[in-house]
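J.: Just dropping this structure here.
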Amino acid sequence: MQSYSIVKTVNQNDLDDLNHVNNVVYVEWIQEISKKHWEEVSSNIQNKYIWVVRRHDITYYDAAKFKDEVLINTTIKDTKGPISYRIVEMKDNKTQKLLVKSITEWCLLNSKTYKPIRVPEIVRNLFTTT
């Protein structure tokens with residue numbers, strides 16, 4: 001499957017009371033990379049569809065701290081009906097140590113009716129490496 005990556009540098013506003021990246025920030029990064037990946041591959045059809053989160057399953061392995069660079073990578077694992085299963089992994093960009101891994105279920109909606117629709121082949125193919 002095609003992957004997509006970004007790098008984030010941890011700033012002071014990302015930190016919690018323990019001086020680690022706040023869990024809410026990790027969720028924001030999951031949302032951000034997912035949206036950027038979709039926008040990158042779907043420019044000619046993105047106005048037809050809307051993705052909404054159905055479920056986040058997040059496992060935290062280690063903490064990122066101030067000024068750390070975090071490599072965030074995402075791929076689509078599978079699609080079933082209207083649901084797409086997206087993997088996001090966050091690693092320390094220097095050591096490649098895994099910090100966070102998530103599996104998010106995204107539900108595809110028709111942009112006009114807001115009703116769930118089966119992920120069409122044209123969308124599935126956007127995330128397949130050719």
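Going through the structure tokens in order, the chains are called A, B, and so on, while each chain numbers its residues from 1 and the ligands are numbered from 1 in the order shown.
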Contacts between stretch 119-123 of chain A and stretch 60-104 of chain A, please, where a residue of stretch 60-104 of chain A counts if it comes within 8 Å (with only C-alpha atoms); show its shortest atom pair and distance in Å to one decimal, rows by chain and ascending number, as a Markdown table.
T.:
| residue | atom | partner | partner_atom | distance |
| --- | --- | --- | --- | --- |
| A:Thr79 | CA | A:Val119 | CA | 7.1 |
| A:Lys80 | CA | A:Val119 | CA | 7.5 |
| A:Gly81 | CA | A:Val119 | CA | 6.0 |
| A:Pro82 | CA | A:Val119 | CA | 5.1 |
| A:Ile83 | CA | A:Val119 | CA | 7.1 |
| A:Ser84 | CA | A:Val119 | CA | 7.7 |
J.: Restricted to all heavy atoms, what would the selected residues look like written as a short mmCIF file (atom, residue, chain, number, x, y, z; two decimals), in the first residue's frame?
T.:
data_model
loop_
_atom_site.label_atom_id
_atom_site.label_comp_id
_atom_site.auth_asym_id
_atom_site.auth_seq_id
_atom_site.Cartn_x
_atom_site.Cartn_y
_atom_site.Cartn_z
N THR A 79 -9.94 -2.01 3.41
CA THR A 79 -11.26 -1.38 3.36
C THR A 79 -12.31 -2.50 3.32
O THR A 79 -12.09 -3.54 2.72
CB THR A 79 -11.45 -0.47 2.13
OG1 THR A 79 -11.25 -1.25 0.95
CG2 THR A 79 -10.49 0.69 2.13
N LYS A 80 -13.42 -2.25 4.01
CA LYS A 80 -14.55 -3.19 4.02
C LYS A 80 -15.81 -2.35 4.03
O LYS A 80 -16.05 -1.60 4.99
CB LYS A 80 -14.50 -4.10 5.23
CG LYS A 80 -13.35 -5.08 5.22
CD LYS A 80 -13.36 -5.98 6.43
CE LYS A 80 -12.14 -6.90 6.36
NZ LYS A 80 -11.92 -7.64 7.58
N GLY A 81 -16.61 -2.47 2.97
CA GLY A 81 -17.83 -1.68 2.89
C GLY A 81 -17.48 -0.20 2.91
O GLY A 81 -16.63 0.26 2.15
N PRO A 82 -18.07 0.57 3.84
CA PRO A 82 -17.77 2.00 3.92
C PRO A 82 -16.57 2.34 4.81
O PRO A 82 -16.19 3.49 4.93
CB PRO A 82 -19.05 2.59 4.52
CG PRO A 82 -19.55 1.50 5.42
CD PRO A 82 -19.19 0.20 4.71
N ILE A 83 -15.95 1.31 5.41
CA ILE A 83 -14.89 1.54 6.40
C ILE A 83 -13.51 1.31 5.80
O ILE A 83 -13.25 0.32 5.12
CB ILE A 83 -15.07 0.61 7.62
CG1 ILE A 83 -16.46 0.79 8.25
CG2 ILE A 83 -13.97 0.85 8.65
CD1 ILE A 83 -16.75 2.16 8.77
N SER A 84 -12.61 2.26 6.10
CA SER A 84 -11.21 2.16 5.72
C SER A 84 -10.40 2.09 7.02
O SER A 84 -10.65 2.87 7.95
CB SER A 84 -10.80 3.38 4.90
OG SER A 84 -9.44 3.34 4.58
#
J.: With only C-alpha atoms as the counted atoms, please give the residues lying no more than 7 Å from stretch 87-95 of chain A, apart from itself and same-chain residues fewer than 3 positions off, as a VMD selection string.
T.: chain A and resid 30 69 to 77 98 to 104
J.: Please save N, CA, C and O atoms of the selected residues as an mmCIF file, in the first residue's frame.
T.:
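Heads up, here's the output in result21.cif:
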data_model
loop_
_atom_site.group_PDB
_atom_site.id
_atom_site.type_symbol
_atom_site.label_atom_id
_atom_site.label_comp_id
_atom_site.auth_asym_id
_atom_site.auth_seq_id
_atom_site.Cartn_x
_atom_site.Cartn_y
_atom_site.Cartn_z
ATOM 1 N N ILE A 30 -2.652 12.416 14.157
ATOM 2 C CA ILE A 30 -3.290 11.334 13.392
ATOM 3 C C ILE A 30 -4.289 11.923 12.406
ATOM 4 O O ILE A 30 -4.311 11.550 11.225
ATOM 5 N N GLU A 69 12.074 15.426 16.992
ATOM 6 C CA GLU A 69 11.462 15.323 15.668
ATOM 7 C C GLU A 69 10.752 13.979 15.593
ATOM 8 O O GLU A 69 11.357 12.934 15.870
ATOM 9 N N VAL A 70 9.476 14.027 15.226
ATOM 10 C CA VAL A 70 8.655 12.820 15.169
ATOM 11 C C VAL A 70 8.305 12.537 13.713
ATOM 12 O O VAL A 70 7.701 13.385 13.031
ATOM 13 N N LEU A 71 8.706 11.370 13.238
ATOM 14 C CA LEU A 71 8.353 10.909 11.895
ATOM 15 C C LEU A 71 6.996 10.228 11.988
ATOM 16 O O LEU A 71 6.823 9.275 12.746
ATOM 17 N N ILE A 72 6.041 10.738 11.213
ATOM 18 C CA ILE A 72 4.689 10.192 11.228
ATOM 19 C C ILE A 72 4.419 9.583 9.860
ATOM 20 O O ILE A 72 4.555 10.256 8.835
ATOM 21 N N ASN A 73 4.073 8.311 9.854
ATOM 22 C CA ASN A 73 3.826 7.589 8.602
ATOM 23 C C ASN A 73 2.442 6.958 8.652
ATOM 24 O O ASN A 73 2.015 6.466 9.690
ATOM 25 N N THR A 74 1.754 6.969 7.507
ATOM 26 C CA THR A 74 0.433 6.362 7.447
ATOM 27 C C THR A 74 0.261 5.533 6.187
ATOM 28 O O THR A 74 0.854 5.841 5.149
ATOM 29 N N THR A 75 -0.521 4.474 6.327
ATOM 30 C CA THR A 75 -0.926 3.637 5.195
ATOM 31 C C THR A 75 -2.359 3.179 5.433
ATOM 32 O O THR A 75 -2.837 3.172 6.563
ATOM 33 N N ILE A 76 -3.000 2.784 4.361
ATOM 34 C CA ILE A 76 -4.318 2.166 4.463
ATOM 35 C C ILE A 76 -4.099 0.659 4.529
ATOM 36 O O ILE A 76 -3.495 0.084 3.633
ATOM 37 N N LYS A 77 -4.592 0.041 5.590
ATOM 38 C CA LYS A 77 -4.422 -1.399 5.770
ATOM 39 C C LYS A 77 -5.445 -2.179 4.959
ATOM 40 O O LYS A 77 -5.119 -3.190 4.331
ATOM 41 N N LEU A 98 9.758 3.354 17.980
ATOM 42 C CA LEU A 98 8.318 3.526 17.884
ATOM 43 C C LEU A 98 7.784 4.225 19.135
ATOM 44 O O LEU A 98 8.042 3.797 20.257
ATOM 45 N N LEU A 99 7.027 5.304 18.898
ATOM 46 C CA LEU A 99 6.430 6.064 19.993
ATOM 47 C C LEU A 99 4.941 5.766 20.138
ATOM 48 O O LEU A 99 4.447 5.563 21.242
ATOM 49 N N VAL A 100 4.247 5.772 18.999
ATOM 50 C CA VAL A 100 2.786 5.618 18.991
ATOM 51 C C VAL A 100 2.388 4.841 17.745
ATOM 52 O O VAL A 100 2.960 5.040 16.670
ATOM 53 N N LYS A 101 1.379 3.976 17.909
ATOM 54 C CA LYS A 101 0.788 3.308 16.753
ATOM 55 C C LYS A 101 -0.724 3.364 16.903
ATOM 56 O O LYS A 101 -1.246 3.084 17.991
ATOM 57 N N SER A 102 -1.392 3.720 15.813
ATOM 58 C CA SER A 102 -2.848 3.761 15.866
ATOM 59 C C SER A 102 -3.438 3.039 14.664
ATOM 60 O O SER A 102 -2.827 2.970 13.596
ATOM 61 N N ILE A 103 -4.620 2.502 14.894
ATOM 62 C CA ILE A 103 -5.467 2.003 13.818
ATOM 63 C C ILE A 103 -6.759 2.784 13.940
ATOM 64 O O ILE A 103 -7.404 2.759 15.001
ATOM 65 N N THR A 104 -7.091 3.509 12.886
ATOM 66 C CA THR A 104 -8.303 4.317 12.898
ATOM 67 C C THR A 104 -9.254 3.800 11.840
ATOM 68 O O THR A 104 -8.852 3.534 10.712
#
J.: Pull the strand (DSSP E) assignments for chain A out of DSSP run on the backbone, and list those residues as a ChimeraX atom specification.
T.: /A:3-9,49-60,69-80,83-92,98-110
J.: Could you jot down the atom CA of A:Lys35 to atom CA of A:Ile117 separation for me, Å, one decimal place?
T.: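 Value for the atom CA of A:Lys35-atom CA of A:Ile117 distance: 18.6 Å.
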J.: Restricting the calculation to only C-alpha atoms, which member of A:Lys8, A:Leu15, A:Lys112, A:Tyr85 is positioned closest to A:Arg54?
T.: A:Tyr85
J.: So that I can check the surroundings of A:Tyr49, please list as a CSV table (one decimal) with all heavy atoms, in the first residue's frame every protein, DNA and RNA residue that reaches within 8 Å of it, counting only C-alpha atoms and ignoring chain neighbours fewer than 4 positions away.
T.:
chain,number,residue,atom,x,y,z
A,45,ILE,N,-11.3,14.1,-7.0
A,45,ILE,CA,-12.6,13.5,-6.6
A,45,ILE,C,-12.9,13.9,-5.1
A,45,ILE,O,-14.0,13.5,-4.6
A,45,ILE,CB,-12.6,12.0,-6.7
A,45,ILE,CG1,-11.5,11.4,-5.8
A,45,ILE,CG2,-12.4,11.5,-8.1
A,45,ILE,CD1,-11.6,9.9,-5.6
A,108,LEU,N,-16.6,6.3,5.0
A,108,LEU,CA,-16.7,7.2,3.9
A,108,LEU,C,-18.2,7.6,3.7
A,108,LEU,O,-19.1,6.7,3.8
A,108,LEU,CB,-16.3,6.5,2.6
A,108,LEU,CG,-16.2,7.3,1.3
A,108,LEU,CD1,-15.2,8.4,1.4
A,108,LEU,CD2,-15.9,6.4,0.1
A,109,LEU,N,-18.4,8.9,3.6
A,109,LEU,CA,-19.8,9.4,3.4
A,109,LEU,C,-19.9,10.1,2.0
A,109,LEU,O,-18.9,10.7,1.5
A,109,LEU,CB,-20.1,10.5,4.4
A,109,LEU,CG,-19.9,10.1,5.9
A,109,LEU,CD1,-20.3,11.3,6.8
A,109,LEU,CD2,-20.7,8.9,6.3
A,110,ASN,N,-21.1,10.1,1.5
A,110,ASN,CA,-21.4,10.8,0.3
A,110,ASN,C,-21.5,12.3,0.7
A,110,ASN,O,-22.1,12.6,1.7
A,110,ASN,CB,-22.8,10.4,-0.2
A,110,ASN,CG,-23.3,11.2,-1.4
A,110,ASN,OD1,-23.5,12.4,-1.3
A,110,ASN,ND2,-23.4,10.5,-2.6
A,111,SER,N,-20.8,13.2,0.0
A,111,SER,CA,-20.7,14.6,0.4
A,111,SER,C,-22.0,15.4,0.3
A,111,SER,O,-22.1,16.4,1.0
A,111,SER,CB,-19.6,15.3,-0.4
A,111,SER,OG,-20.0,15.4,-1.7
J.: Could you state the separation of atom CA of A:His37 and atom CA of A:Val10 in Å, given to one decimal place?
T.: 20.7 Å
J.: What does the distance between atom CA of A:Lys36 and atom CA of A:Asn19 come to in Å, to one decimal place?
T.: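 Atom CA of A:Asn19 lies at a distance of 27.3 Å from atom CA of A:Lys36.
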J.: What's around A:Asn22 at 12 Å? Count only C-alpha atoms, leave out sequence neighbours fewer than 6 positions away in its own chain, and write the answer as a PDB file with N, CA and C atoms, in the first residue's frame.
T.:
ATOM      1  N   VAL A  10       8.428  18.762  17.977  1.00  0.00           N
ATOM      2  CA  VAL A  10       7.646  19.011  19.186  1.00  0.00           C
ATOM      3  C   VAL A  10       7.935  20.408  19.707  1.00  0.00           C
ATOM      4  N   ASN A  11       6.864  21.185  19.889  1.00  0.00           N
ATOM      5  CA  ASN A  11       7.035  22.519  20.467  1.00  0.00           C
ATOM      6  C   ASN A  11       6.423  22.564  21.864  1.00  0.00           C
ATOM      7  N   GLN A  12       6.616  23.655  22.546  1.00  0.00           N
ATOM      8  CA  GLN A  12       6.183  23.794  23.943  1.00  0.00           C
ATOM      9  C   GLN A  12       4.671  23.577  24.102  1.00  0.00           C
ATOM     10  N   ASN A  13       3.895  24.030  23.143  1.00  0.00           N
ATOM     11  CA  ASN A  13       2.437  23.895  23.228  1.00  0.00           C
ATOM     12  C   ASN A  13       1.957  22.451  23.076  1.00  0.00           C
ATOM     13  N   ASP A  14       2.820  21.563  22.608  1.00  0.00           N
ATOM     14  CA  ASP A  14       2.466  20.153  22.433  1.00  0.00           C
ATOM     15  C   ASP A  14       2.580  19.350  23.730  1.00  0.00           C
ATOM     16  N   LEU A  15       3.176  19.940  24.757  1.00  0.00           N
ATOM     17  CA  LEU A  15       3.531  19.196  25.964  1.00  0.00           C
ATOM     18  C   LEU A  15       2.427  19.176  27.008  1.00  0.00           C
ATOM     19  N   ASP A  16       2.419  18.079  27.802  1.00  0.00           N
ATOM     20  CA  ASP A  16       1.506  17.972  28.934  1.00  0.00           C
ATOM     21  C   ASP A  16       2.258  18.325  30.219  1.00  0.00           C
ATOM     22  N   GLU A  28      -4.459  14.722  17.274  1.00  0.00           N
ATOM     23  CA  GLU A  28      -4.464  15.783  16.255  1.00  0.00           C
ATOM     24  C   GLU A  28      -3.522  15.440  15.110  1.00  0.00           C
ATOM     25  N   TRP A  29      -2.359  14.882  15.426  1.00  0.00           N
ATOM     26  CA  TRP A  29      -1.404  14.502  14.378  1.00  0.00           C
ATOM     27  C   TRP A  29      -1.947  13.357  13.528  1.00  0.00           C
ATOM     28  N   TYR A  60       0.385   3.679  23.025  1.00  0.00           N
ATOM     29  CA  TYR A  60       1.524   4.554  23.302  1.00  0.00           C
ATOM     30  C   TYR A  60       2.682   3.690  23.801  1.00  0.00           C
ATOM     31  N   ASP A  62       6.220   5.046  23.843  1.00  0.00           N
ATOM     32  CA  ASP A  62       7.235   5.898  24.459  1.00  0.00           C
ATOM     33  C   ASP A  62       6.818   7.344  24.259  1.00  0.00           C
ATOM     34  N   ALA A  63       7.477   8.239  24.944  1.00  0.00           N
ATOM     35  CA  ALA A  63       7.087   9.649  24.906  1.00  0.00           C
ATOM     36  C   ALA A  63       8.043  10.487  24.054  1.00  0.00           C
ATOM     37  N   ALA A  64       7.467  11.408  23.320  1.00  0.00           N
ATOM     38  CA  ALA A  64       8.265  12.425  22.629  1.00  0.00           C
ATOM     39  C   ALA A  64       8.320  13.651  23.532  1.00  0.00           C
ATOM     40  N   LYS A  65       9.440  14.350  23.459  1.00  0.00           N
ATOM     41  CA  LYS A  65       9.663  15.506  24.332  1.00  0.00           C
ATOM     42  C   LYS A  65       9.996  16.742  23.494  1.00  0.00           C
ATOM     43  N   PHE A  66      10.112  17.852  24.182  1.00  0.00           N
ATOM     44  CA  PHE A  66      10.377  19.152  23.552  1.00  0.00           C
ATOM     45  C   PHE A  66      11.553  19.073  22.573  1.00  0.00           C
ATOM     46  N   VAL A 100       4.247   5.772  18.999  1.00  0.00           N
ATOM     47  CA  VAL A 100       2.786   5.618  18.991  1.00  0.00           C
ATOM     48  C   VAL A 100       2.388   4.841  17.745  1.00  0.00           C
TER      49      VAL A 100
END
J.: Please run DSSP on the backbone and report, as a PyMOL selection string, all residues within chain A that come out as alpha helix (DSSP H).
T.: chain A and resi 23-41+121-126
J.: Considering only C-alpha atoms, can you say which of A:Lys97, A:Lys67, A:Ile6, A:Thr113 comes closest to A:Ser34?
T.: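 Closest to A:Ser34, using only C-alpha atoms: A:Ile6.
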J.: Which is closest to A:Leu126 among A:Asn47, A:Gln96, A:Ser42, A:Ser5, if we use only C-alpha atoms?
T.: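 Between A:Asn47, A:Gln96, A:Ser42, A:Ser5, the residue approaching A:Leu126 most closely is A:Ser42.
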